[in-house]
$ cat upload_5.tsv   # TSV, C-alpha atoms and all ligand atoms
chain	number	residue	atom	x	y	z
A	1	MET	CA	0.00	0.00	0.00
A	2	GLU	CA	3.09	2.22	-0.11
A	3	ASN	CA	2.28	3.89	-3.42
A	4	HIS	CA	-1.10	5.25	-2.43
A	5	LYS	CA	-1.66	8.97	-2.03
A	6	LYS	CA	-3.33	10.46	1.01
A	7	ALA	CA	-7.08	10.97	1.00
A	8	VAL	CA	-9.64	12.70	3.21
A	9	LEU	CA	-13.19	11.76	4.20
A	10	LEU	CA	-15.30	14.64	5.49
A	11	LEU	CA	-18.79	14.09	6.90
A	12	ALA	CA	-21.55	16.69	6.86
A	13	ASP	CA	-21.32	17.05	10.66
A	14	GLY	CA	-17.67	18.09	10.34
A	15	THR	CA	-16.10	14.76	11.31
A	16	ARG	CA	-12.89	14.22	9.37
A	17	TYR	CA	-10.93	11.04	8.72
A	18	GLU	CA	-7.64	10.65	6.93
A	19	GLY	CA	-6.63	7.59	4.97
A	20	ILE	CA	-5.11	6.56	1.68
A	21	ALA	CA	-6.49	6.95	-1.84
A	22	ILE	CA	-7.95	3.93	-3.65
A	23	GLY	CA	-9.56	3.75	-7.09
A	24	LYS	CA	-9.34	6.91	-9.13
A	25	ILE	CA	-7.65	10.01	-7.75
A	26	GLY	CA	-10.39	12.62	-7.44
A	27	THR	CA	-13.17	14.08	-5.33
A	28	THR	CA	-16.63	12.61	-4.87
A	29	GLY	CA	-19.68	13.16	-2.69
A	30	GLY	CA	-22.88	11.37	-1.75
A	31	GLU	CA	-24.96	10.08	1.12
A	32	ILE	CA	-22.74	7.83	3.24
A	33	CYS	CA	-24.09	4.41	4.15
A	34	PHE	CA	-22.67	1.09	5.31
A	35	ASN	CA	-23.11	-2.48	4.14
A	36	THR	CA	-22.36	-5.22	6.68
A	37	GLY	CA	-22.02	-8.06	4.15
A	38	MET	CA	-18.93	-10.24	4.56
A	39	THR	CA	-18.74	-10.91	0.82
A	40	GLY	CA	-20.04	-9.70	-2.54
A	41	TYR	CA	-18.36	-6.30	-2.79
A	42	GLN	CA	-18.51	-6.28	-6.59
A	43	GLU	CA	-22.25	-7.01	-6.65
A	44	ILE	CA	-22.78	-4.22	-4.10
A	45	TYR	CA	-20.78	-1.65	-6.10
A	46	THR	CA	-22.72	-2.42	-9.30
A	47	ASP	CA	-26.19	-2.43	-7.66
A	48	PRO	CA	-27.93	0.65	-9.18
A	49	SER	CA	-29.79	1.22	-5.89
A	50	TYR	CA	-26.51	2.66	-4.51
A	51	PHE	CA	-26.38	5.39	-7.15
A	52	GLY	CA	-25.73	8.69	-5.33
A	53	GLN	CA	-24.23	6.99	-2.27
A	54	ILE	CA	-20.81	6.47	-0.74
A	55	VAL	CA	-20.57	2.90	0.55
A	56	ILE	CA	-18.63	1.79	3.61
A	57	ASN	CA	-17.89	-1.93	3.68
A	58	THR	CA	-17.77	-3.06	7.30
A	59	SER	CA	-16.07	-6.27	6.18
A	60	SER	CA	-12.46	-5.42	6.92
A	61	HIS	CA	-10.66	-7.00	3.92
A	62	ILE	CA	-11.77	-5.69	0.56
A	63	GLY	CA	-10.28	-6.47	-2.85
A	64	ASN	CA	-8.65	-9.77	-1.97
A	65	TYR	CA	-10.62	-11.82	-4.52
A	66	GLY	CA	-10.48	-9.26	-7.35
A	67	THR	CA	-13.36	-8.87	-9.79
A	68	ILE	CA	-15.04	-10.96	-12.48
A	69	ASP	CA	-16.88	-9.08	-15.23
A	70	ALA	CA	-19.74	-11.60	-15.35
A	71	GLU	CA	-20.51	-10.89	-11.69
A	72	ASN	CA	-21.60	-7.29	-12.19
A	73	GLU	CA	-25.20	-6.56	-11.15
A	74	SER	CA	-25.52	-3.87	-13.84
A	75	ALA	CA	-23.46	-2.60	-16.77
A	76	SER	CA	-21.28	-0.29	-14.65
A	77	VAL	CA	-20.18	0.56	-11.11
A	78	LYS	CA	-22.95	2.66	-9.55
A	79	ILE	CA	-21.66	3.74	-6.14
A	80	ASN	CA	-20.46	7.33	-5.87
A	81	GLY	CA	-17.53	6.48	-3.60
A	82	LEU	CA	-16.02	3.81	-1.38
A	83	VAL	CA	-14.71	3.63	2.19
A	84	VAL	CA	-12.87	0.55	3.46
A	85	ARG	CA	-10.53	-0.57	6.19
A	86	ASN	CA	-7.91	-2.85	4.58
A	87	PHE	CA	-7.75	-2.59	0.81
A	88	SER	CA	-5.92	-5.34	-1.01
A	89	ASP	CA	-3.95	-4.30	-4.07
A	90	ILE	CA	-3.31	-7.92	-4.90
A	91	HIS	CA	-5.96	-10.57	-5.36
A	92	SER	CA	-6.07	-14.33	-5.23
A	93	ARG	CA	-8.70	-16.04	-7.38
A	94	PHE	CA	-7.60	-17.81	-10.50
A	95	THR	CA	-10.80	-16.86	-12.38
A	96	ALA	CA	-10.53	-13.13	-11.61
A	97	ASP	CA	-10.49	-10.71	-14.56
A	98	ASN	CA	-9.12	-7.70	-12.72
A	99	SER	CA	-7.82	-6.30	-9.46
A	100	LEU	CA	-10.29	-4.17	-7.53
A	101	GLN	CA	-7.92	-1.20	-7.82
A	102	ASN	CA	-7.92	-1.35	-11.65
A	103	TYR	CA	-11.64	-2.08	-11.73
A	104	LEU	CA	-12.45	1.02	-9.66
A	105	GLU	CA	-9.98	3.17	-11.54
A	106	GLU	CA	-11.44	2.15	-14.90
A	107	ALA	CA	-14.91	2.97	-13.56
A	108	ASN	CA	-13.75	6.41	-12.31
A	109	ILE	CA	-14.63	5.58	-8.69
A	110	THR	CA	-12.79	7.43	-5.95
A	111	GLY	CA	-12.35	5.78	-2.59
A	112	ILE	CA	-10.47	5.87	0.68
A	113	ALA	CA	-8.87	3.05	2.67
A	114	GLU	CA	-7.20	2.59	6.07
A	115	ILE	CA	-10.25	4.10	7.74
A	116	ASP	CA	-11.35	2.84	11.15
A	117	THR	CA	-14.67	1.66	9.72
A	118	ARG	CA	-15.88	0.39	13.12
A	119	ALA	CA	-15.58	3.88	14.63
A	120	LEU	CA	-17.05	5.48	11.51
A	121	VAL	CA	-20.08	3.17	11.40
A	122	ARG	CA	-20.74	3.64	15.13
A	123	HIS	CA	-20.66	7.38	14.50
A	124	ILE	CA	-23.15	7.19	11.62
A	125	ARG	CA	-25.38	4.79	13.55
A	126	ASN	CA	-25.62	7.34	16.34
A	127	LYS	CA	-26.02	10.40	14.14
A	128	GLY	CA	-28.12	8.96	11.30
A	129	ALA	CA	-27.77	9.13	7.52
A	130	MET	CA	-25.75	12.11	6.29
A	131	ASN	CA	-23.79	13.35	3.29
A	132	ALA	CA	-20.04	13.06	2.96
A	133	ILE	CA	-17.21	13.75	0.59
A	134	ILE	CA	-14.00	11.85	-0.22
A	135	SER	CA	-11.05	13.55	-1.81
A	136	SER	CA	-7.61	12.38	-2.85
A	137	GLU	CA	-6.85	15.67	-4.60
A	138	ILE	CA	-5.20	18.54	-2.80
A	139	LEU	CA	-8.10	20.52	-1.49
A	140	THR	CA	-8.21	23.02	1.30
A	141	ASP	CA	-10.76	22.65	4.09
A	142	GLU	CA	-12.75	25.43	2.50
A	143	GLU	CA	-12.75	23.74	-0.91
A	144	LEU	CA	-13.85	20.49	0.70
A	145	GLN	CA	-16.68	22.24	2.54
A	146	ASN	CA	-17.83	23.88	-0.69
A	147	LYS	CA	-17.88	20.57	-2.54
A	148	LEU	CA	-19.73	18.95	0.35
A	149	SER	CA	-22.42	21.62	0.31
A	150	GLU	CA	-23.06	20.82	-3.38
A	151	VAL	CA	-24.00	17.19	-2.59
A	152	PRO	CA	-27.80	16.95	-2.82
A	153	ASP	CA	-29.93	15.71	0.07
A	154	MET	CA	-31.22	12.17	-0.55
A	155	ASN	CA	-34.64	13.23	0.75
A	156	GLY	CA	-36.81	14.13	-2.22
A	157	LEU	CA	-34.23	12.98	-4.78
A	158	GLU	CA	-35.41	11.19	-7.93
A	159	LEU	CA	-32.54	9.06	-9.26
A	160	SER	CA	-34.10	6.20	-11.23
A	161	SER	CA	-34.13	8.14	-14.48
A	162	PHE	CA	-30.30	8.32	-14.32
A	163	VAL	CA	-29.82	4.54	-14.10
A	164	SER	CA	-32.84	3.12	-15.93
A	165	THR	CA	-32.28	1.60	-19.38
A	166	LYS	CA	-32.64	3.99	-22.32
A	167	GLU	CA	-33.79	1.26	-24.70
A	168	THR	CA	-36.00	-1.75	-24.13
A	169	TYR	CA	-34.33	-5.18	-24.13
A	170	THR	CA	-35.43	-8.74	-23.52
A	171	VAL	CA	-34.15	-11.56	-21.29
A	172	GLY	CA	-35.24	-15.22	-21.37
A	173	ASP	CA	-37.02	-17.51	-23.79
A	174	GLU	CA	-39.09	-15.53	-26.28
A	175	ASN	CA	-41.35	-18.53	-26.86
A	176	SER	CA	-42.39	-18.68	-23.22
A	177	GLU	CA	-46.08	-18.23	-22.50
A	178	ILE	CA	-45.23	-16.30	-19.34
A	179	ARG	CA	-44.26	-12.77	-20.27
A	180	VAL	CA	-43.30	-10.09	-17.78
A	181	ALA	CA	-43.12	-6.37	-18.50
A	182	VAL	CA	-40.36	-5.08	-16.24
A	183	LEU	CA	-40.32	-1.43	-15.23
A	184	ASP	CA	-36.62	-0.68	-14.81
A	185	LEU	CA	-36.14	1.74	-11.93
A	186	GLY	CA	-32.51	0.59	-11.55
A	187	ILE	CA	-32.72	-3.17	-11.84
A	188	LYS	CA	-30.17	-5.73	-10.67
A	189	THR	CA	-29.26	-8.39	-13.23
A	190	ASN	CA	-29.94	-11.29	-10.90
A	191	ILE	CA	-33.62	-10.38	-10.74
A	192	LEU	CA	-33.91	-10.88	-14.50
A	193	ARG	CA	-31.80	-14.03	-14.28
A	194	SER	CA	-34.03	-15.39	-11.49
A	195	LEU	CA	-37.15	-14.82	-13.62
A	196	ALA	CA	-35.58	-16.23	-16.81
A	197	GLN	CA	-34.41	-19.33	-14.90
A	198	ARG	CA	-38.06	-19.96	-14.08
A	199	GLY	CA	-39.04	-19.87	-17.75
A	200	VAL	CA	-40.20	-16.26	-17.82
A	201	PHE	CA	-39.69	-14.07	-20.90
A	202	CYS	CA	-38.91	-10.54	-19.66
A	203	LYS	CA	-39.02	-7.28	-21.56
A	204	VAL	CA	-37.30	-4.47	-19.69
A	205	PHE	CA	-38.70	-0.96	-20.17
A	206	PRO	CA	-37.34	2.51	-19.26
A	207	ALA	CA	-38.67	3.92	-15.97
A	208	LYS	CA	-40.96	6.44	-17.65
A	209	THR	CA	-42.73	4.05	-20.04
A	210	SER	CA	-46.51	4.47	-20.28
A	211	VAL	CA	-48.89	1.64	-19.35
A	212	LYS	CA	-50.11	1.64	-22.96
A	213	GLU	CA	-46.61	0.79	-24.18
A	214	LEU	CA	-46.17	-1.87	-21.49
A	215	LEU	CA	-49.42	-3.48	-22.59
A	216	GLU	CA	-48.28	-3.67	-26.22
A	217	PHE	CA	-45.90	-6.43	-25.08
A	218	ASN	CA	-48.97	-8.45	-24.08
A	219	PRO	CA	-47.57	-9.28	-20.64
A	220	THR	CA	-48.88	-11.92	-18.25
A	221	GLY	CA	-47.57	-9.90	-15.34
A	222	PHE	CA	-45.66	-6.80	-14.32
A	223	PHE	CA	-42.51	-6.32	-12.29
A	224	LEU	CA	-41.46	-3.12	-10.47
A	225	SER	CA	-37.72	-3.12	-9.85
A	226	ASN	CA	-35.38	-1.94	-7.13
A	227	GLY	CA	-33.55	1.35	-7.66
A	228	PRO	CA	-31.97	4.43	-6.11
A	229	GLY	CA	-33.42	7.59	-4.59
A	230	ASP	CA	-36.50	8.64	-2.69
A	231	PRO	CA	-39.73	6.84	-3.74
A	232	SER	CA	-41.85	9.81	-2.69
A	233	ALA	CA	-40.19	11.87	-5.45
A	234	MET	CA	-41.38	9.43	-8.14
A	235	ASP	CA	-44.93	10.49	-8.97
A	236	TYR	CA	-44.56	9.17	-12.52
A	237	ALA	CA	-43.82	5.62	-11.30
A	238	VAL	CA	-46.55	5.77	-8.65
A	239	GLN	CA	-49.03	6.80	-11.35
A	240	THR	CA	-47.91	3.87	-13.54
A	241	ALA	CA	-48.30	1.47	-10.62
A	242	LYS	CA	-51.80	2.85	-9.89
A	243	GLU	CA	-52.88	2.22	-13.47
A	244	LEU	CA	-51.34	-1.26	-13.39
A	245	LEU	CA	-53.21	-2.07	-10.17
A	246	GLU	CA	-56.45	-1.27	-11.98
A	247	LEU	CA	-55.67	-3.97	-14.56
A	248	ASP	CA	-55.44	-6.55	-11.79
A	249	LYS	CA	-52.75	-8.68	-13.42
A	250	PRO	CA	-50.02	-10.40	-11.36
A	251	MET	CA	-47.56	-7.78	-10.15
A	252	PHE	CA	-44.41	-8.13	-8.04
A	253	GLY	CA	-42.23	-5.35	-6.64
A	254	ILE	CA	-38.80	-5.46	-5.00
A	255	CYS	CA	-37.40	-2.74	-2.71
A	256	LEU	CA	-37.98	0.56	-4.57
A	257	GLY	CA	-40.68	-1.31	-6.52
A	258	HIS	CA	-42.24	-2.30	-3.17
A	259	GLN	CA	-42.22	1.30	-1.99
A	260	ILE	CA	-43.78	2.49	-5.27
A	261	LEU	CA	-46.49	-0.18	-5.02
A	262	ALA	CA	-47.21	0.88	-1.43
A	263	LEU	CA	-47.50	4.53	-2.48
A	264	ALA	CA	-49.82	3.53	-5.35
A	265	GLY	CA	-52.00	1.78	-2.77
A	266	GLY	CA	-52.28	4.99	-0.72
A	267	LEU	CA	-49.59	4.22	1.88
A	268	SER	CA	-46.66	6.53	2.63
A	269	THR	CA	-42.90	6.14	2.85
A	270	TYR	CA	-40.32	7.70	5.16
A	271	LYS	CA	-36.57	8.23	5.32
A	272	MET	CA	-34.99	5.86	7.84
A	273	PHE	CA	-32.55	7.07	10.48
A	274	ASN	CA	-30.11	4.39	9.32
A	275	GLY	CA	-30.97	2.16	6.40
A	276	HIS	CA	-30.69	-1.63	6.27
A	277	ARG	CA	-27.77	-2.82	4.17
A	278	GLY	CA	-26.32	-6.28	4.59
A	279	LEU	CA	-26.79	-9.96	4.01
A	280	ASN	CA	-28.20	-11.29	7.27
A	281	HIS	CA	-31.36	-9.34	8.08
A	282	PRO	CA	-34.00	-11.59	9.66
A	283	VAL	CA	-37.52	-11.26	8.26
A	284	LYS	CA	-40.63	-13.07	9.45
A	285	ASN	CA	-43.12	-14.30	6.89
A	286	LEU	CA	-46.30	-13.47	8.84
A	287	GLU	CA	-48.48	-15.77	6.72
A	288	LEU	CA	-46.31	-18.89	7.06
A	289	GLY	CA	-44.70	-18.12	10.42
A	290	ASN	CA	-41.21	-18.76	8.96
A	291	CYS	CA	-38.11	-16.68	9.39
A	292	GLU	CA	-35.92	-15.99	6.38
A	293	ILE	CA	-32.45	-14.46	6.38
A	294	THR	CA	-32.42	-11.73	3.77
A	295	SER	CA	-30.19	-9.47	1.74
A	296	GLN	CA	-31.16	-5.82	2.20
A	297	ASN	CA	-30.27	-2.40	0.82
A	298	HIS	CA	-32.67	0.40	1.56
A	299	GLY	CA	-32.72	3.80	3.23
A	300	PHE	CA	-36.46	4.45	2.95
A	301	GLY	CA	-39.31	2.37	4.29
A	302	VAL	CA	-43.08	1.93	4.11
A	303	ASP	CA	-44.82	3.66	6.99
A	304	ARG	CA	-46.72	1.36	9.33
A	305	GLU	CA	-49.21	3.94	10.56
A	306	LEU	CA	-51.24	4.22	7.37
A	307	LEU	CA	-50.89	0.49	6.76
A	308	ASN	CA	-52.63	-0.20	10.08
A	309	LYS	CA	-55.44	2.20	9.25
A	310	GLN	CA	-56.72	0.51	6.09
A	311	ASN	CA	-57.99	-2.88	4.94
A	312	GLU	CA	-56.90	-3.21	1.32
A	313	ILE	CA	-53.24	-4.00	1.93
A	314	VAL	CA	-52.00	-6.79	4.20
A	315	GLU	CA	-48.59	-6.86	5.86
A	316	THR	CA	-47.01	-10.18	4.83
A	317	HIS	CA	-43.44	-9.77	6.12
A	318	LYS	CA	-41.91	-8.04	9.11
A	319	ASN	CA	-38.27	-7.11	9.69
A	320	LEU	CA	-37.34	-8.81	12.98
A	321	ASN	CA	-34.55	-6.35	13.83
A	322	ASP	CA	-36.68	-3.21	14.02
A	323	LYS	CA	-40.21	-4.50	13.29
A	324	SER	CA	-40.44	-2.38	10.14
A	325	VAL	CA	-42.66	-3.41	7.23
A	326	ALA	CA	-40.80	-5.92	5.03
A	327	GLY	CA	-43.57	-7.11	2.68
A	328	ILE	CA	-47.14	-6.40	1.61
A	329	ARG	CA	-49.87	-7.84	-0.59
A	330	PHE	CA	-53.11	-6.40	-1.88
A	331	LYS	CA	-56.08	-8.29	-0.47
A	332	ASN	CA	-58.24	-8.20	-3.57
A	333	LYS	CA	-55.59	-7.97	-6.24
A	334	LYS	CA	-52.69	-10.08	-7.50
A	335	ALA	CA	-50.04	-7.59	-6.39
A	336	PHE	CA	-47.36	-8.18	-3.76
A	337	SER	CA	-43.95	-6.81	-2.88
A	338	VAL	CA	-41.01	-7.05	-0.49
A	339	GLN	CA	-38.62	-4.48	0.92
A	340	TYR	CA	-35.65	-6.85	0.69
A	341	HIS	CA	-33.85	-8.72	-2.08
A	342	PRO	CA	-34.93	-12.28	-2.90
A	343	GLU	CA	-32.46	-12.26	-5.80
A	344	SER	CA	-29.76	-11.55	-3.13
A	345	SER	CA	-26.53	-11.43	-5.16
A	346	PRO	CA	-24.89	-11.08	-2.78
A	347	GLY	CA	-26.59	-12.90	0.04
A	348	PRO	CA	-28.61	-15.91	1.17
A	349	HIS	CA	-31.13	-17.69	-1.04
A	350	ASP	CA	-33.91	-18.16	1.56
A	351	SER	CA	-36.32	-15.80	-0.21
A	352	ARG	CA	-36.08	-17.15	-3.76
A	353	TYR	CA	-39.54	-18.72	-3.22
A	354	LEU	CA	-41.01	-15.28	-3.93
A	355	PHE	CA	-40.06	-15.64	-7.61
A	356	ASP	CA	-41.78	-19.05	-7.63
A	357	GLN	CA	-44.85	-17.43	-6.06
A	358	PHE	CA	-44.92	-14.79	-8.80
A	359	VAL	CA	-44.54	-17.42	-11.55
A	360	GLU	CA	-47.31	-19.55	-9.98
A	361	MET	CA	-49.57	-16.51	-9.96
A	362	MET	CA	-48.90	-15.94	-13.64
A	363	LYS	CA	-49.46	-19.61	-14.51
A	364	LYS	CA	-52.84	-19.40	-12.80
A	365	GLU	CA	-53.58	-16.29	-14.80
A	366	LYS	CA	-52.82	-18.23	-17.98
A	367	GLU	CA	-54.79	-21.20	-16.65
A	368	MET	CA	-51.69	-23.33	-17.04
A	369	VAL	CA	-52.27	-24.91	-13.60
B	401	LIG	N1	-32.64	-1.31	-3.18
B	401	LIG	C1	-33.59	-0.42	-3.42
B	401	LIG	O1	-34.44	-0.58	-4.31
B	401	LIG	C2	-33.56	0.83	-2.59
B	401	LIG	C3	-34.84	1.62	-2.61
B	401	LIG	C4	-34.69	3.06	-2.14
B	401	LIG	N2	-33.80	3.80	-2.98
B	401	LIG	C5	-34.21	3.08	-0.70
B	401	LIG	O2	-33.07	3.41	-0.44
B	401	LIG	O3	-34.95	2.73	0.18

$ encode --input "upload_5.tsv" --output "structure tokens"
Amino acid sequence: MENHKKAVLLLADGTRYEGIAIGKIGTTGGEICFNTGMTGYQEIYTDPSYFGQIVINTSSHIGNYGTIDAENESASVKINGLVVRNFSDIHSRFTADNSLQNYLEEANITGIAEIDTRALVRHIRNKGAMNAIISSEILTDEELQNKLSEVPDMNGLELSSFVSTKETYTVGDENSEIRVAVLDLGIKTNILRSLAQRGVFCKVFPAKTSVKELLEFNPTGFFLSNGPGDPSAMDYAVQTAKELLELDKPMFGICLGHQILALAGGLSTYKMFNGHRGLNHPVKNLELGNCEITSQNHGFGVDRELLNKQNEIVETHKNLNDKSVAGIRFKNKKAFSVQYHPESSPGPHDSRYLFDQFVEMMKKEKEMV
């Protein structure tokens, strides 16, 4: 690590850490958040839901297994910046395509290493979500402060339109009878893979596609994807989801898609003090009584208060750490959603049954079962 330049991490509350530069030399800002996963750094960095955020990995050794291009969760690295403890310049995996240093540099991602991530995460846990800036360029305190003040507040920020596909594309067997119109709000590849593996033909549409255009695909069902930003700033997607609910076709939403579906059903969302980001979050399936260990990445949540005051939407899953809403379904419609990530990648596979549930729903719709 001798050849690395110095770098600075400055938090919005004035807390300053010094470390060494990793990735591209530069300056970057975003909302700082932490992921507690012990593995899967590449999948985390390429998850479009992290767009606009600086990620801290609490796992203390990062980079030691390099990167493999086929393991990206989207076409490019999406995080705004990276904070780690021990960064490995060398990697050991015979199938690796690249070192993490080269991978980040090629993707123009600026990061900082040799940070006491335990102290930093404790600090953020106590103070709540906040913006931060990383710089490995020579910047005065004043320059850093100025750059930091330019970083937008995550509250009220619409980000899906920056990461959603520009063109439609398809995944899976085009001869399949089960066709899903996917609204891409910032989708992870493993969601599409999980649907295609179950025989589903998916067509992925840009975030702002009209219902009319979605229907031209003649879909059996609809999927609302994960993605970055504040769901309450996405009136266009909420409107789409409302119109789709009227059609009463099978519909499944994950994470941001879950929040959009909840808003379309008249519920509200809120910004969490600290989000949930990691691979071992326990969730109770309230209908089966089972516990599943889930992969999570969200900083907003569906508010319980309105949920308790109505009868149309049922809570199906509860987060066992903080009792927040982890899943819902519409009582008289074929729409359901979860706040966590059944596709994991990275993470445990306990929740994959939700894809089976969606496919079953669509088979019923087609009278195939
Ligand atoms: N993974 C996601 O879809 C995240 C949803 C939303 N951007 C949040 O932070 O809560």

$ residues_near_ligand --input "upload_5.tsv" --ligand "ligand LIG 401 (chain B)" --cutoff "7 Å" --atoms "all atoms listed in the file" --output "mmCIF file with C-alpha atoms, in the frame of the given file"
data_model
loop_
_atom_site.group_PDB
_atom_site.id
_atom_site.type_symbol
_atom_site.label_atom_id
_atom_site.label_comp_id
_atom_site.auth_asym_id
_atom_site.auth_seq_id
_atom_site.Cartn_x
_atom_site.Cartn_y
_atom_site.Cartn_z
ATOM 1 C CA SER A 49 -29.790 1.220 -5.890
ATOM 2 C CA SER A 225 -37.720 -3.120 -9.850
ATOM 3 C CA ASN A 226 -35.380 -1.940 -7.130
ATOM 4 C CA GLY A 227 -33.550 1.350 -7.660
ATOM 5 C CA PRO A 228 -31.970 4.430 -6.110
ATOM 6 C CA GLY A 229 -33.420 7.590 -4.590
ATOM 7 C CA ASP A 230 -36.500 8.640 -2.690
ATOM 8 C CA PRO A 231 -39.730 6.840 -3.740
ATOM 9 C CA ILE A 254 -38.800 -5.460 -5.000
ATOM 10 C CA CYS A 255 -37.400 -2.740 -2.710
ATOM 11 C CA LEU A 256 -37.980 0.560 -4.570
ATOM 12 C CA GLY A 257 -40.680 -1.310 -6.520
ATOM 13 C CA ASN A 297 -30.270 -2.400 0.820
ATOM 14 C CA HIS A 298 -32.670 0.400 1.560
ATOM 15 C CA GLY A 299 -32.720 3.800 3.230
ATOM 16 C CA PHE A 300 -36.460 4.450 2.950
ATOM 17 C CA GLY A 301 -39.310 2.370 4.290
#

$ closest_residue --input "upload_5.tsv" --among "A:Leu354, A:Val121, A:Ile313, A:Ala262" --to "Val83 (chain A)" --atoms "only C-alpha atoms"
A:Val121

$ atom_distance --input "upload_5.tsv" --atom1 "CA of Asp350 (chain A)" --atom2 "CA of Thr220 (chain A)"
25.6 Å

$ residues_around --input "upload_5.tsv" --residues "Ser176 (chain A)" --least-positions-apart "5" --cutoff "9 Å" --atoms "all atoms listed in the file" --output "compact mmCIF listing (two decimals) with C-alpha atoms, in the frame of the given file"
# COMPACT_ATOMS: atom_id res chain seq x y z
CA GLY A 199 -39.04 -19.87 -17.75
CA VAL A 200 -40.20 -16.26 -17.82
CA PHE A 201 -39.69 -14.07 -20.90

$ axis_aligned_box --input "upload_5.tsv" --around "region 60-63 of chain A" --padding-each-side "6 Å" --output "JSON"
{"center_x": -11.4, "center_y": -6.2, "center_z": 2.0, "size_x": 14.2, "size_y": 13.6, "size_z": 21.8}

$ closest_residue --input "upload_5.tsv" --among "A:Glu177, A:Leu244, A:Leu267, A:Glu73" --to "Glu367 (chain A)" --atoms "all atoms listed in the file"
A:Glu177

$ closest_atom_pairs --input "upload_5.tsv" --of "region 198-218 of chain A" --to "region 162-169 of chain A" --cutoff "9 Å" --atoms "all atoms listed in the file" --output "tab-separated table"
residue	atom	partner	partner_atom	distance
A:Cys202	CA	A:Tyr169	CA	8.3
A:Lys203	CA	A:Tyr169	CA	5.7
A:Val204	CA	A:Thr168	CA	5.4
A:Phe205	CA	A:Thr168	CA	4.9
A:Pro206	CA	A:Thr165	CA	5.1
A:Ala207	CA	A:Ser164	CA	5.9
A:Lys208	CA	A:Ser164	CA	8.9

$ write_last_selection --input "upload_5.tsv" --atoms "C-alpha atoms" --output "mmCIF file, in the frame of the given file"
data_model
loop_
_atom_site.group_PDB
_atom_site.id
_atom_site.type_symbol
_atom_site.label_atom_id
_atom_site.label_comp_id
_atom_site.auth_asym_id
_atom_site.auth_seq_id
_atom_site.Cartn_x
_atom_site.Cartn_y
_atom_site.Cartn_z
ATOM 1 C CA CYS A 202 -38.910 -10.540 -19.660
ATOM 2 C CA LYS A 203 -39.020 -7.280 -21.560
ATOM 3 C CA VAL A 204 -37.300 -4.470 -19.690
ATOM 4 C CA PHE A 205 -38.700 -0.960 -20.170
ATOM 5 C CA PRO A 206 -37.340 2.510 -19.260
ATOM 6 C CA ALA A 207 -38.670 3.920 -15.970
ATOM 7 C CA LYS A 208 -40.960 6.440 -17.650
#

$ closest_residue --input "upload_5.tsv" --among "A:Phe51, A:Pro250, A:Leu185, A:Asn108" --to "Glu360 (chain A)" --atoms "only C-alpha atoms"
A:Pro250

$ closest_residue --input "upload_5.tsv" --among "A:Val180, A:Val325, A:Leu320, A:Gln339" --to "Phe358 (chain A)" --atoms "only C-alpha atoms"
A:Val180

$ closest_atom_pairs --input "upload_5.tsv" --of "region 88-141 of chain A" --to "region 275-285 of chain A" --cutoff "12 Å" --atoms "all atoms listed in the file" --output "Markdown table"
| residue | atom | partner | partner_atom | distance |
| --- | --- | --- | --- | --- |
| A:Ile124 | CA | A:Gly275 | CA | 10.7 |
| A:Arg125 | CA | A:Gly275 | CA | 9.4 |
| A:Gly128 | CA | A:Gly275 | CA | 8.9 |
| A:Ala129 | CA | A:Gly275 | CA | 7.8 |
| A:Met130 | CA | A:Gly275 | CA | 11.2 |
